[in-house]
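Next up, data-v1.csv (CSV, C-alpha atoms and all ligand atoms):
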chain,number,residue,atom,x,y,z
C,25,MET,CA,17.2,24.5,6.3
C,26,GLU,CA,15.6,22.4,3.6
C,27,ASN,CA,13.4,23.9,0.9
C,28,VAL,CA,11.1,20.9,0.7
C,29,VAL,CA,11.0,17.6,2.5
C,30,ILE,CA,9.0,14.8,0.9
C,31,ILE,CA,7.8,12.2,3.3
C,32,GLY,CA,7.5,8.9,1.5
C,33,SER,CA,9.2,7.3,-1.6
C,34,GLY,CA,6.3,5.6,-3.4
C,35,CYS,CA,5.1,6.8,-6.8
C,36,ALA,CA,3.8,10.0,-5.3
C,37,GLY,CA,6.9,10.9,-3.3
C,38,LEU,CA,9.4,10.1,-6.0
C,39,THR,CA,7.4,11.9,-8.7
C,40,ALA,CA,7.3,14.9,-6.4
C,41,GLY,CA,11.1,14.4,-6.1
C,42,ILE,CA,11.6,14.5,-9.8
C,43,TYR,CA,9.6,17.7,-10.2
C,44,THR,CA,10.9,19.6,-7.2
C,45,ALA,CA,14.5,18.6,-8.2
C,46,ARG,CA,13.9,19.9,-11.7
C,47,ALA,CA,12.7,23.1,-10.1
C,48,ASN,CA,16.1,23.4,-8.4
C,49,LEU,CA,14.6,23.0,-4.9
C,50,ASN,CA,17.2,20.3,-3.9
C,51,PRO,CA,14.5,18.2,-2.3
C,52,LEU,CA,15.1,15.7,0.5
C,53,VAL,CA,13.0,12.5,0.1
C,54,LEU,CA,12.6,10.4,3.2
C,55,THR,CA,11.9,6.8,2.3
C,56,GLY,CA,9.9,5.5,5.3
C,57,VAL,CA,10.2,1.9,6.4
C,58,ALA,CA,9.5,0.5,2.9
C,59,PRO,CA,11.6,2.4,0.3
C,60,GLY,CA,9.7,2.5,-3.0
C,61,GLY,CA,6.4,2.0,-1.2
C,62,LEU,CA,3.8,-0.7,-1.7
C,63,LEU,CA,4.4,-1.1,-5.4
C,64,THR,CA,7.7,-2.8,-4.7
C,65,THR,CA,5.7,-5.7,-3.4
C,66,THR,CA,3.7,-6.1,-6.6
C,67,SER,CA,4.8,-8.6,-9.2
C,68,ILE,CA,3.8,-7.1,-12.5
C,69,VAL,CA,2.2,-3.7,-13.1
C,70,GLU,CA,0.2,-3.9,-16.3
C,71,ASN,CA,-1.6,-0.6,-16.2
C,72,TYR,CA,1.2,2.0,-15.9
C,73,PRO,CA,1.2,3.9,-19.1
C,74,GLY,CA,4.2,3.4,-21.3
C,75,PHE,CA,4.8,-0.3,-20.5
C,76,PRO,CA,2.8,-2.4,-23.0
C,77,ASP,CA,4.3,-5.6,-21.6
C,78,GLY,CA,3.9,-4.5,-18.0
C,79,VAL,CA,6.7,-3.7,-15.6
C,80,ASP,CA,7.9,-5.3,-12.4
C,81,GLY,CA,6.8,-3.1,-9.5
C,82,TYR,CA,10.3,-3.1,-7.9
C,83,GLU,CA,11.9,-2.2,-11.2
C,84,LEU,CA,9.5,0.7,-11.8
C,85,MET,CA,10.2,2.1,-8.4
C,86,THR,CA,14.0,1.7,-8.8
C,87,ARG,CA,13.8,3.6,-12.1
C,88,LEU,CA,11.7,6.3,-10.5
C,89,GLN,CA,14.3,6.8,-7.8
C,90,LYS,CA,17.1,6.9,-10.3
C,91,GLN,CA,15.2,9.5,-12.3
C,92,ALA,CA,14.6,11.7,-9.2
C,93,GLU,CA,18.3,11.4,-8.2
C,94,LYS,CA,19.5,12.2,-11.6
C,95,PHE,CA,17.9,15.6,-11.3
C,96,GLY,CA,19.3,16.2,-7.8
C,97,ALA,CA,16.8,14.7,-5.3
C,98,ARG,CA,18.4,13.3,-2.2
C,99,VAL,CA,16.7,10.1,-1.3
C,100,LYS,CA,17.5,9.2,2.3
C,101,PHE,CA,16.5,6.1,4.2
C,102,GLY,CA,14.6,7.3,7.3
C,103,VAL,CA,11.4,6.8,9.2
C,104,VAL,CA,9.7,10.0,10.3
C,105,GLU,CA,8.7,9.8,14.0
C,106,SER,CA,6.9,13.0,14.4
C,107,VAL,CA,6.2,16.4,12.8
C,108,ASP,CA,5.4,19.8,14.1
C,109,PHE,CA,3.5,21.9,11.5
C,110,THR,CA,2.2,24.4,14.1
C,111,LYS,CA,5.0,26.9,13.1
C,112,ASN,CA,6.8,27.6,9.9
C,113,PRO,CA,9.5,26.5,9.1
C,114,PHE,CA,8.2,23.0,9.8
C,115,TRP,CA,9.9,20.4,12.0
C,116,VAL,CA,10.2,16.9,10.9
C,117,THR,CA,11.9,14.4,13.3
C,118,VAL,CA,13.4,11.5,11.4
C,119,ASP,CA,15.2,8.7,13.3
C,120,GLY,CA,15.9,11.0,16.2
C,121,GLU,CA,17.3,13.8,14.0
C,122,LEU,CA,15.5,17.2,13.5
C,123,VAL,CA,15.0,18.3,9.9
C,124,VAL,CA,13.7,21.8,9.3
C,125,ALA,CA,11.8,22.6,6.1
C,126,ARG,CA,10.1,25.5,4.4
C,127,ALA,CA,7.6,23.2,2.7
C,128,VAL,CA,6.6,19.6,3.2
C,129,ILE,CA,5.0,17.1,0.8
C,130,ILE,CA,3.2,14.3,2.6
C,131,ALA,CA,3.4,11.1,0.5
C,132,SER,CA,3.3,8.5,3.2
C,133,GLY,CA,1.1,6.1,1.3
C,134,ALA,CA,-1.0,3.3,2.8
C,135,GLY,CA,-0.4,0.0,4.6
C,136,HIS,CA,-2.2,-3.3,4.5
C,137,ARG,CA,-5.5,-3.5,6.3
C,138,HIS,CA,-5.8,-6.3,8.8
C,139,LEU,CA,-8.7,-8.6,9.6
C,140,GLY,CA,-8.5,-7.7,13.2
C,141,LEU,CA,-8.4,-11.2,14.6
C,142,GLU,CA,-6.1,-12.1,17.6
C,143,SER,CA,-5.0,-15.3,15.9
C,144,GLU,CA,-4.1,-13.3,12.8
C,145,THR,CA,-1.7,-11.2,14.8
C,146,LEU,CA,-0.3,-14.1,16.7
C,147,LEU,CA,0.4,-16.1,13.4
C,148,GLU,CA,1.7,-13.2,11.4
C,149,LYS,CA,4.9,-14.3,9.6
C,150,LYS,CA,4.0,-17.9,10.7
C,151,GLY,CA,1.7,-18.4,7.8
C,152,VAL,CA,-0.3,-15.2,7.8
C,153,THR,CA,1.1,-12.7,5.4
C,154,TYR,CA,0.0,-9.6,3.5
C,155,CYS,CA,2.2,-10.0,0.4
C,156,ALA,CA,2.2,-13.0,-1.9
C,157,THR,CA,5.0,-11.6,-4.0
C,158,CYS,CA,7.2,-11.3,-0.9
C,159,ASP,CA,6.3,-14.6,0.7
C,160,GLY,CA,4.5,-16.9,-1.8
C,161,ALA,CA,7.5,-18.8,-2.9
C,162,LEU,CA,8.5,-19.9,0.7
C,163,PRO,CA,8.9,-23.7,1.0
C,164,VAL,CA,6.2,-23.8,3.7
C,165,PHE,CA,3.6,-22.9,1.0
C,166,ARG,CA,4.7,-25.2,-1.8
C,167,ASN,CA,2.1,-27.6,-3.0
C,168,LYS,CA,-0.1,-26.8,-0.1
C,169,PRO,CA,-3.7,-25.4,0.0
C,170,LEU,CA,-3.5,-21.6,0.5
C,171,VAL,CA,-6.1,-19.0,1.4
C,172,VAL,CA,-6.5,-15.5,0.0
C,173,VAL,CA,-9.0,-13.2,1.7
C,174,GLY,CA,-10.6,-10.3,-0.2
C,175,GLY,CA,-12.4,-9.6,-3.4
C,176,GLY,CA,-10.6,-6.6,-4.9
C,177,ASP,CA,-7.7,-6.3,-7.5
C,178,SER,CA,-5.1,-7.1,-4.8
C,179,ALA,CA,-6.8,-10.3,-3.7
C,180,CYS,CA,-7.2,-11.4,-7.4
C,181,GLU,CA,-3.6,-10.6,-8.1
C,182,GLU,CA,-2.4,-12.5,-5.0
C,183,ALA,CA,-4.5,-15.5,-5.8
C,184,LEU,CA,-3.3,-15.7,-9.4
C,185,TYR,CA,0.3,-15.3,-8.3
C,186,LEU,CA,-0.1,-18.1,-5.7
C,187,THR,CA,-1.3,-20.6,-8.2
C,188,ARG,CA,2.3,-21.0,-9.1
C,189,PHE,CA,3.1,-22.4,-5.6
C,190,GLY,CA,0.0,-23.7,-3.9
C,191,SER,CA,-1.9,-27.0,-4.7
C,192,VAL,CA,-5.1,-25.0,-4.6
C,193,VAL,CA,-5.9,-21.4,-3.8
C,194,TYR,CA,-9.1,-20.6,-1.9
C,195,LEU,CA,-10.4,-17.1,-2.4
C,196,ILE,CA,-12.6,-16.1,0.5
C,197,HIS,CA,-14.8,-13.2,-0.2
C,198,ARG,CA,-17.5,-11.7,2.0
C,199,ARG,CA,-19.9,-11.1,-1.0
C,200,ASP,CA,-20.8,-13.1,-4.1
C,201,THR,CA,-19.3,-10.8,-6.6
C,202,LEU,CA,-15.7,-9.6,-6.9
C,203,ARG,CA,-15.0,-5.9,-6.6
C,204,ALA,CA,-11.9,-6.3,-8.8
C,205,SER,CA,-11.6,-4.9,-12.3
C,206,LYS,CA,-13.3,-7.1,-14.9
C,207,ILE,CA,-10.1,-8.3,-16.5
C,208,MET,CA,-8.7,-9.5,-13.1
C,209,ALA,CA,-12.0,-11.1,-12.1
C,210,GLU,CA,-12.3,-13.0,-15.3
C,211,ARG,CA,-8.7,-14.3,-15.0
C,212,VAL,CA,-9.4,-15.5,-11.5
C,213,LEU,CA,-12.7,-17.2,-12.2
C,214,ALA,CA,-11.2,-18.9,-15.3
C,215,ASN,CA,-8.3,-20.3,-13.3
C,216,PRO,CA,-9.0,-24.0,-12.3
C,217,LYS,CA,-6.6,-23.7,-9.3
C,218,ILE,CA,-8.6,-20.9,-7.7
C,219,LYS,CA,-11.7,-21.9,-5.8
C,220,PRO,CA,-13.8,-19.0,-4.7
C,221,ILE,CA,-15.7,-19.3,-1.5
C,222,TRP,CA,-18.5,-16.7,-1.5
C,223,ASP,CA,-20.4,-14.8,1.2
C,224,SER,CA,-17.8,-15.9,3.8
C,225,VAL,CA,-15.5,-14.4,6.3
C,226,VAL,CA,-12.6,-15.8,8.2
C,227,THR,CA,-13.5,-15.9,11.9
C,228,ASP,CA,-10.3,-17.5,13.2
C,229,VAL,CA,-6.9,-18.5,11.9
C,230,LEU,CA,-5.7,-21.9,13.2
C,231,ASP,CA,-3.6,-23.0,15.0
C,232,VAL,CA,-2.2,-20.7,17.6
C,233,LYS,CA,-1.3,-23.6,19.8
C,234,GLN,CA,0.9,-25.1,17.1
C,235,ASP,CA,2.4,-21.7,16.4
C,236,LYS,CA,1.8,-22.1,12.6
C,237,VAL,CA,-1.1,-21.8,10.2
C,238,THR,CA,-2.9,-25.1,9.7
C,239,GLY,CA,-6.3,-23.8,8.6
C,240,VAL,CA,-9.0,-21.2,8.9
C,241,ARG,CA,-12.5,-21.2,10.4
C,242,LEU,CA,-15.0,-19.7,8.0
C,243,LYS,CA,-18.5,-18.4,8.5
C,244,ASN,CA,-21.1,-18.1,5.7
C,245,LEU,CA,-22.7,-14.7,6.2
C,246,LYS,CA,-25.9,-15.8,4.4
C,247,THR,CA,-26.6,-19.1,6.0
C,248,GLY,CA,-24.6,-18.7,9.2
C,249,ALA,CA,-22.9,-22.1,8.5
C,250,GLU,CA,-19.4,-22.6,9.8
C,251,GLN,CA,-16.6,-24.7,8.4
C,252,THR,CA,-12.9,-25.4,8.8
C,253,LEU,CA,-10.6,-25.3,5.8
C,254,ASP,CA,-7.1,-26.8,5.9
C,255,CYS,CA,-4.4,-24.5,4.6
C,256,ALA,CA,-0.7,-23.7,5.1
C,257,GLY,CA,-1.0,-20.0,4.4
C,258,VAL,CA,-3.4,-17.1,4.8
C,259,PHE,CA,-2.8,-14.1,2.5
C,260,VAL,CA,-4.8,-11.1,3.6
C,261,ALA,CA,-5.6,-8.7,0.8
C,262,ILE,CA,-8.6,-6.7,2.0
C,263,GLY,CA,-7.4,-3.2,1.1
C,264,HIS,CA,-5.3,-0.5,2.7
C,265,ALA,CA,-5.4,2.1,5.4
C,266,PRO,CA,-3.5,5.4,5.1
C,267,ASN,CA,-0.2,5.8,6.9
C,268,THR,CA,-1.1,9.0,8.6
C,269,ASP,CA,-0.9,8.4,12.4
C,270,ILE,CA,2.0,10.8,12.8
C,271,PHE,CA,0.0,13.6,11.2
C,272,LYS,CA,-2.9,13.4,13.7
C,273,GLY,CA,-3.4,16.8,15.2
C,274,GLN,CA,-1.0,18.4,12.7
C,275,VAL,CA,-3.1,18.5,9.5
C,276,GLU,CA,-6.8,17.9,9.1
C,277,LEU,CA,-7.6,14.2,8.5
C,278,GLY,CA,-10.9,13.0,7.1
C,279,GLU,CA,-12.9,9.8,7.4
C,280,HIS,CA,-10.7,6.7,8.0
C,281,GLY,CA,-7.6,8.9,8.5
C,282,TYR,CA,-7.0,10.1,4.9
C,283,VAL,CA,-5.3,13.6,4.7
C,284,THR,CA,-8.0,16.1,3.8
C,285,ILE,CA,-7.2,18.0,0.6
C,286,LYS,CA,-8.4,21.6,0.6
C,287,HIS,CA,-7.7,22.5,-3.0
C,288,GLY,CA,-5.2,21.2,-5.5
C,289,SER,CA,-2.7,19.4,-3.2
C,290,SER,CA,-3.1,21.8,-0.3
C,291,THR,CA,-3.7,20.5,3.2
C,292,SER,CA,-5.2,22.5,6.1
C,293,VAL,CA,-1.7,23.9,6.7
C,294,PRO,CA,-0.3,26.4,4.2
C,295,GLY,CA,3.1,25.0,3.0
C,296,VAL,CA,2.2,21.4,3.7
C,297,PHE,CA,1.0,19.5,0.6
C,298,VAL,CA,-0.1,16.0,0.1
C,299,ALA,CA,0.0,13.4,-2.6
C,300,GLY,CA,-0.9,9.7,-3.2
C,301,ASP,CA,-2.6,7.0,-1.3
C,302,CYS,CA,-2.5,8.7,2.1
C,303,ALA,CA,-5.0,11.2,0.7
C,304,ASP,CA,-6.8,9.1,-1.9
C,305,SER,CA,-9.5,6.7,-0.9
C,306,VAL,CA,-11.0,6.5,-4.4
C,307,TYR,CA,-8.6,5.9,-7.2
C,308,ARG,CA,-5.4,4.5,-5.5
C,309,GLN,CA,-3.5,3.7,-8.6
C,310,ALA,CA,0.2,4.0,-9.3
C,311,ILE,CA,-0.5,6.5,-12.0
C,312,THR,CA,-2.9,8.7,-10.0
C,313,ALA,CA,-0.4,8.7,-7.2
C,314,ALA,CA,2.3,9.9,-9.6
C,315,GLY,CA,0.0,12.6,-11.0
C,316,MET,CA,-0.7,13.8,-7.4
C,317,GLY,CA,3.0,13.9,-6.7
C,318,CYS,CA,3.5,16.1,-9.7
C,319,ALA,CA,0.7,18.4,-8.6
C,320,ALA,CA,2.1,18.7,-5.1
C,321,ALA,CA,5.6,19.5,-6.4
C,322,ILE,CA,4.2,22.3,-8.6
C,323,ASP,CA,2.1,23.6,-5.7
C,324,ALA,CA,5.1,23.5,-3.4
C,325,GLU,CA,7.3,25.3,-5.9
C,326,ARG,CA,4.7,28.1,-6.3
C,327,TYR,CA,4.2,28.4,-2.6
C,328,LEU,CA,8.0,28.7,-2.0
C,329,ALA,CA,8.3,31.3,-4.8
C,330,SER,CA,5.5,33.4,-3.4
C,331,ALA,CA,6.8,33.1,0.2
C,332,SER,CA,10.4,34.2,-0.7
C,401,LIG,P1,-10.2,-2.8,-2.4
C,401,LIG,O1,-10.5,-2.5,-3.8
C,401,LIG,O2,-10.6,-1.8,-1.4
C,401,LIG,O3,-10.8,-4.2,-2.1
C,401,LIG,C1,-10.8,-4.7,-0.7
C,401,LIG,C2,-11.5,-6.0,-0.7
C,401,LIG,O4,-11.4,-6.6,0.6
C,401,LIG,C3,-13.0,-5.8,-1.1
C,401,LIG,O5,-13.4,-6.9,-1.9
C,401,LIG,C4,-13.7,-5.9,0.3
C,401,LIG,O6,-15.0,-6.4,0.3
C,401,LIG,C5,-12.7,-6.8,1.1
C,401,LIG,N1,-12.7,-6.4,2.5
C,401,LIG,C6,-12.5,-5.2,3.1
C,401,LIG,N2,-12.5,-5.3,4.4
C,401,LIG,C7,-12.7,-6.6,4.7
C,401,LIG,C8,-12.8,-7.3,5.9
C,401,LIG,N3,-12.7,-6.8,7.1
C,401,LIG,N4,-13.1,-8.7,5.8
C,401,LIG,C9,-13.2,-9.3,4.6
C,401,LIG,N5,-13.1,-8.6,3.5
C,401,LIG,C10,-12.9,-7.3,3.5
C,401,LIG,O7,-8.6,-3.0,-2.1
C,401,LIG,P2,-7.5,-3.6,-3.1
C,401,LIG,O8,-7.9,-4.8,-3.7
C,401,LIG,O9,-6.2,-3.6,-2.2
C,401,LIG,O10,-7.3,-2.5,-4.2
C,401,LIG,C11,-7.0,-1.1,-3.8
C,401,LIG,C12,-6.8,-0.3,-5.1
C,401,LIG,O11,-5.6,-0.6,-5.7
C,401,LIG,C13,-8.0,-0.4,-6.0
C,401,LIG,O12,-8.3,0.8,-6.6
C,401,LIG,C14,-7.4,-1.4,-7.1
C,401,LIG,O13,-8.0,-1.2,-8.3
C,401,LIG,C15,-6.0,-1.0,-7.0
C,401,LIG,N6,-5.1,-2.2,-7.4
C,401,LIG,C16,-5.0,-2.4,-8.8
C,401,LIG,C17,-4.3,-3.5,-9.2
C,401,LIG,C18,-4.1,-3.7,-10.7
C,401,LIG,O14,-4.7,-3.0,-11.4
C,401,LIG,N7,-3.3,-4.7,-11.1
C,401,LIG,C19,-3.7,-4.4,-8.3
C,401,LIG,C20,-3.9,-4.2,-6.9
C,401,LIG,C21,-4.7,-3.1,-6.5
C,401,LIG,P3,-16.2,-5.7,-0.4
C,401,LIG,O15,-16.0,-5.9,-1.9
C,401,LIG,O16,-17.4,-6.4,0.1
C,401,LIG,O17,-16.1,-4.2,0.0

In structure tokens, write the structure found in this file.
Ligand code: NAP
Amino acid sequence: MENVVIIGSGCAGLTAGIYTARANLNPLVLTGVAPGGLLTTTSIVENYPGFPDGVDGYELMTRLQKQAEKFGARVKFGVVESVDFTKNPFWVTVDGELVVARAVIIASGAGHRHLGLESETLLEKKGVTYCATCDGALPVFRNKPLVVVGGGDSACEEALYLTRFGSVVYLIHRRDTLRASKIMAERVLANPKIKPIWDSVVTDVLDVKQDKVTGVRLKNLKTGAEQTLDCAGVFVAIGHAPNTDIFKGQVELGEHGYVTIKHGSSTSVPGVFVAGDCADSVYRQAITAAGMGCAAAIDAERYLASAS
């Protein structure tokens, strides 16, 4: 039986791995589909303390994993299919295999939010993407007009990154002010290759018949006017939704599916703790996720000490 199983290997999960490993709990970290989490798809992380020149997201996560493993954490590729927290020890089914644990830390992170258009789904990976760092350099996007949807830090980051490849980057935002941090917003607005289109939403991605992205249909929310914009790629960056579907009915989830924190890092189930973006709809930073991972590890350690 495992002392502690950590579900997720982003900043929260791997930091929990470092702390529980150093507490001699021999933790098992299950990576999920995307080892290293969402940060691995970021180009440069400029606000993680200790890196004055920024750090590549993939590199940061690789270092975190090494650090956790150095102290004895076992990081295993695996996708958790279901959990049973109704009895203790807890059951976690990963890739068809049953893992039994005395304590669990949920650090399953968040995934990209979708626009919810049928054409978006049909053209995913055919010009519609959720990650500029992953796909921006593809030949199909080179020297072509590109569209980024959103007005937050992610959208700004994607737009800035895509100026390296596209002929022009249209930033489609549903309001007339960016939600992004001031420094990111200023960079975007000062970049001559980025053309913001305010108060507008994408109502359709074209062209499903051709099986590739050729443009978007836009609607201005203030005037109701519609227009079609030619582009070769649509980069959707409208925020994230927590990866908590498998925990439905097992721990209390709040509005929009975030795991409810009772106190500290405790969930509604004693012995099940939570950390990172799957429980945080407010801060959602790499450093806050890491801090939550640390707290969950300390809480799990104390729980196990008091239970034994
Ligand atoms: P976010 O801050 O929640 O912004 C999402 C954006 O998408 C908002 O502008 C929102 O519009 C828009 N939006 C949401 N649903 C939409 C829809 N259905 N149709 C059209 N637009 C829609 O998400 P984020 O940019 O992914 O950032 C998440 C967190 O990560 C934030 O805390 C951010 O600071 C952080 N982050 C930081 C960095 C960095 O510091 N380098 C980089 C990336 C992310 P409204 O503004 O109208 O709500």

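Picture a line from atom CA of C:Asp269 to atom CA of C:Ala303; it runs 12.7 Å.
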
**OP:** Would you mind listing the residues within 10 Å of ligand LIG 401 (chain C), counting all atoms listed in the file, as a PyMOL selection string?
**Re:** chain C and resi 62-63+66-72+78+134-141+173-182+196-205+207-208+223-227+260-265+301+304-310

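With atom CA of C:Tyr82 on one side and atom CA of C:Ser33 on the other, the separation reads 12.2 Å.
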
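Proximity to C:Gly37 was assessed for C:Leu84, C:Leu122, C:Ala92, C:Ala161 counting only C-alpha atoms; the smallest distance is recorded for C:Ala92.
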
Original post:
Expressed in Å to a single decimal, how great is the separation between atom CA of C:Glu121 and atom CA of C:Val104?
Top reply: 9.3 Å

Subject >> Contact residues around C:Met25 with all atoms listed in the file at 8 Å, ignoring same-chain residues under 5 positions, as JSON, numbers by chain >> reply: {"C": [123, 124, 125, 126]}

**OP:** Compare C:Phe95, C:Phe75, C:Tyr43, C:Phe109 by their minimum atom-to-atom distance to C:Lys272, counting only C-alpha atoms, and give me the closest one.
**Re:** C:Phe109

Subject >> Proximity to C:Glu26 - best of C:Pro216, C:Pro113, C:Pro59, C:Gly81, only C-alpha atoms >> reply: C:Pro113

**OP:** Fewer than 6 positions away in the same chain doesn't count, so skip those; otherwise give me all residues within 12 Å of C:Cys302, counting all atoms listed in the file, as a ChimeraX atom specification.
**Re:** /C:31-32,34-37,61-62,129-135,264-271,277-285,289,291,308-309,313,316-317

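The neighbours of C:Ala324 here are the residues that come within 9 Å of it, using only C-alpha atoms and leaving out any residue fewer than 6 positions away in the same chain; they are Val28, Thr44, Ala127, Val128, Ile129, Ser289, Ser290, Gly295, Val296 and Phe297 of chain C.
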
Subject >> C:Leu195 environment, 6 Å, all atoms listed in the file, sequence neighbours closer than 5 positions dropped, as an MDAnalysis selection string >> reply: chainID C and resid 172:173 220:221

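Omitting C:Leu162 and its sequence neighbours fewer than 2 positions away, and counting only C-alpha atoms, the residues within 12 Å are Lys149, Lys150, Gly151, Thr153, Cys155, Ala156, Thr157, Cys158, Asp159, Gly160, Val164, Phe165, Arg166, Asn167, Lys168, Leu186, Arg188, Phe189, Gly190, Ala256 and Gly257 of chain C.
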
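If all atoms listed in the file are the atoms counted, then among C:Phe114, C:Tyr194, C:Tyr154, C:Trp222 the closest residue to C:Val240 is C:Tyr194.
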
Original post:
Of the residues C:Gln234, C:Thr110, C:Gly315, C:Asp80, which is the one nearest to C:Val293, using only C-alpha atoms?
Top reply: C:Thr110

Subject >> Selected residue, from C:Glu276, C:Val171, C:Leu52, C:Thr187, that lies nearest to C:Leu242 when counting only C-alpha atoms >> reply: C:Val171

Atom completion result for stretch 230-247 of chain C (N, CA, C and O atoms) as an mmCIF file, in the frame of the given file:
data_model
loop_
_atom_site.group_PDB
_atom_site.id
_atom_site.type_symbol
_atom_site.label_atom_id
_atom_site.label_comp_id
_atom_site.auth_asym_id
_atom_site.auth_seq_id
_atom_site.Cartn_x
_atom_site.Cartn_y
_atom_site.Cartn_z
ATOM 1 N N LEU C 230 -6.178 -20.799 12.332
ATOM 2 C CA LEU C 230 -5.700 -21.900 13.200
ATOM 3 C C LEU C 230 -4.248 -22.211 12.783
ATOM 4 O O LEU C 230 -3.889 -22.039 11.617
ATOM 5 N N ASP C 231 -3.356 -22.560 13.631
ATOM 6 C CA ASP C 231 -3.600 -23.000 15.000
ATOM 7 C C ASP C 231 -2.614 -22.320 15.880
ATOM 8 O O ASP C 231 -1.422 -22.628 15.771
ATOM 9 N N VAL C 232 -3.089 -21.432 16.704
ATOM 10 C CA VAL C 232 -2.200 -20.700 17.600
ATOM 11 C C VAL C 232 -1.357 -21.603 18.455
ATOM 12 O O VAL C 232 -0.169 -21.383 18.695
ATOM 13 N N LYS C 233 -1.986 -22.691 18.900
ATOM 14 C CA LYS C 233 -1.300 -23.600 19.800
ATOM 15 C C LYS C 233 -0.066 -24.244 19.132
ATOM 16 O O LYS C 233 0.976 -24.444 19.735
ATOM 17 N N GLN C 234 -0.214 -24.542 17.844
ATOM 18 C CA GLN C 234 0.900 -25.100 17.100
ATOM 19 C C GLN C 234 1.890 -24.091 16.606
ATOM 20 O O GLN C 234 2.911 -24.401 16.001
ATOM 21 N N ASP C 235 1.554 -22.802 16.783
ATOM 22 C CA ASP C 235 2.400 -21.700 16.400
ATOM 23 C C ASP C 235 2.658 -21.637 14.873
ATOM 24 O O ASP C 235 3.701 -21.193 14.417
ATOM 25 N N LYS C 236 1.693 -22.157 14.107
ATOM 26 C CA LYS C 236 1.800 -22.100 12.600
ATOM 27 C C LYS C 236 0.378 -22.191 12.062
ATOM 28 O O LYS C 236 -0.545 -22.680 12.737
ATOM 29 N N VAL C 237 0.242 -21.754 10.811
ATOM 30 C CA VAL C 237 -1.100 -21.800 10.200
ATOM 31 C C VAL C 237 -1.352 -23.239 9.695
ATOM 32 O O VAL C 237 -0.538 -23.831 8.975
ATOM 33 N N THR C 238 -2.490 -23.771 10.136
ATOM 34 C CA THR C 238 -2.900 -25.100 9.700
ATOM 35 C C THR C 238 -4.281 -25.038 8.997
ATOM 36 O O THR C 238 -4.712 -25.997 8.389
ATOM 37 N N GLY C 239 -4.961 -23.889 9.155
ATOM 38 C CA GLY C 239 -6.300 -23.800 8.600
ATOM 39 C C GLY C 239 -6.971 -22.483 8.949
ATOM 40 O O GLY C 239 -6.387 -21.647 9.653
ATOM 41 N N VAL C 240 -8.201 -22.327 8.475
ATOM 42 C CA VAL C 240 -9.000 -21.200 8.900
ATOM 43 C C VAL C 240 -10.406 -21.655 9.222
ATOM 44 O O VAL C 240 -10.874 -22.667 8.689
ATOM 45 N N ARG C 241 -11.047 -20.909 10.117
ATOM 46 C CA ARG C 241 -12.500 -21.200 10.400
ATOM 47 C C ARG C 241 -13.247 -20.124 9.612
ATOM 48 O O ARG C 241 -12.910 -18.927 9.637
ATOM 49 N N LEU C 242 -14.264 -20.576 8.885
ATOM 50 C CA LEU C 242 -15.000 -19.700 8.000
ATOM 51 C C LEU C 242 -16.489 -19.647 8.488
ATOM 52 O O LEU C 242 -17.008 -20.645 8.990
ATOM 53 N N LYS C 243 -17.112 -18.480 8.220
ATOM 54 C CA LYS C 243 -18.500 -18.400 8.500
ATOM 55 C C LYS C 243 -19.225 -17.859 7.239
ATOM 56 O O LYS C 243 -18.789 -16.842 6.673
ATOM 57 N N ASN C 244 -20.268 -18.551 6.815
ATOM 58 C CA ASN C 244 -21.100 -18.100 5.700
ATOM 59 C C ASN C 244 -22.037 -17.012 6.204
ATOM 60 O O ASN C 244 -22.841 -17.295 7.094
ATOM 61 N N LEU C 245 -21.944 -15.819 5.645
ATOM 62 C CA LEU C 245 -22.700 -14.700 6.200
ATOM 63 C C LEU C 245 -24.216 -14.833 5.808
ATOM 64 O O LEU C 245 -25.066 -14.234 6.456
ATOM 65 N N LYS C 246 -24.528 -15.610 4.775
ATOM 66 C CA LYS C 246 -25.900 -15.800 4.400
ATOM 67 C C LYS C 246 -26.624 -16.864 5.178
ATOM 68 O O LYS C 246 -27.759 -16.710 5.597
ATOM 69 N N THR C 247 -25.906 -17.990 5.365
ATOM 70 C CA THR C 247 -26.600 -19.100 6.000
ATOM 71 C C THR C 247 -26.159 -19.257 7.500
ATOM 72 O O THR C 247 -26.808 -19.981 8.257
#
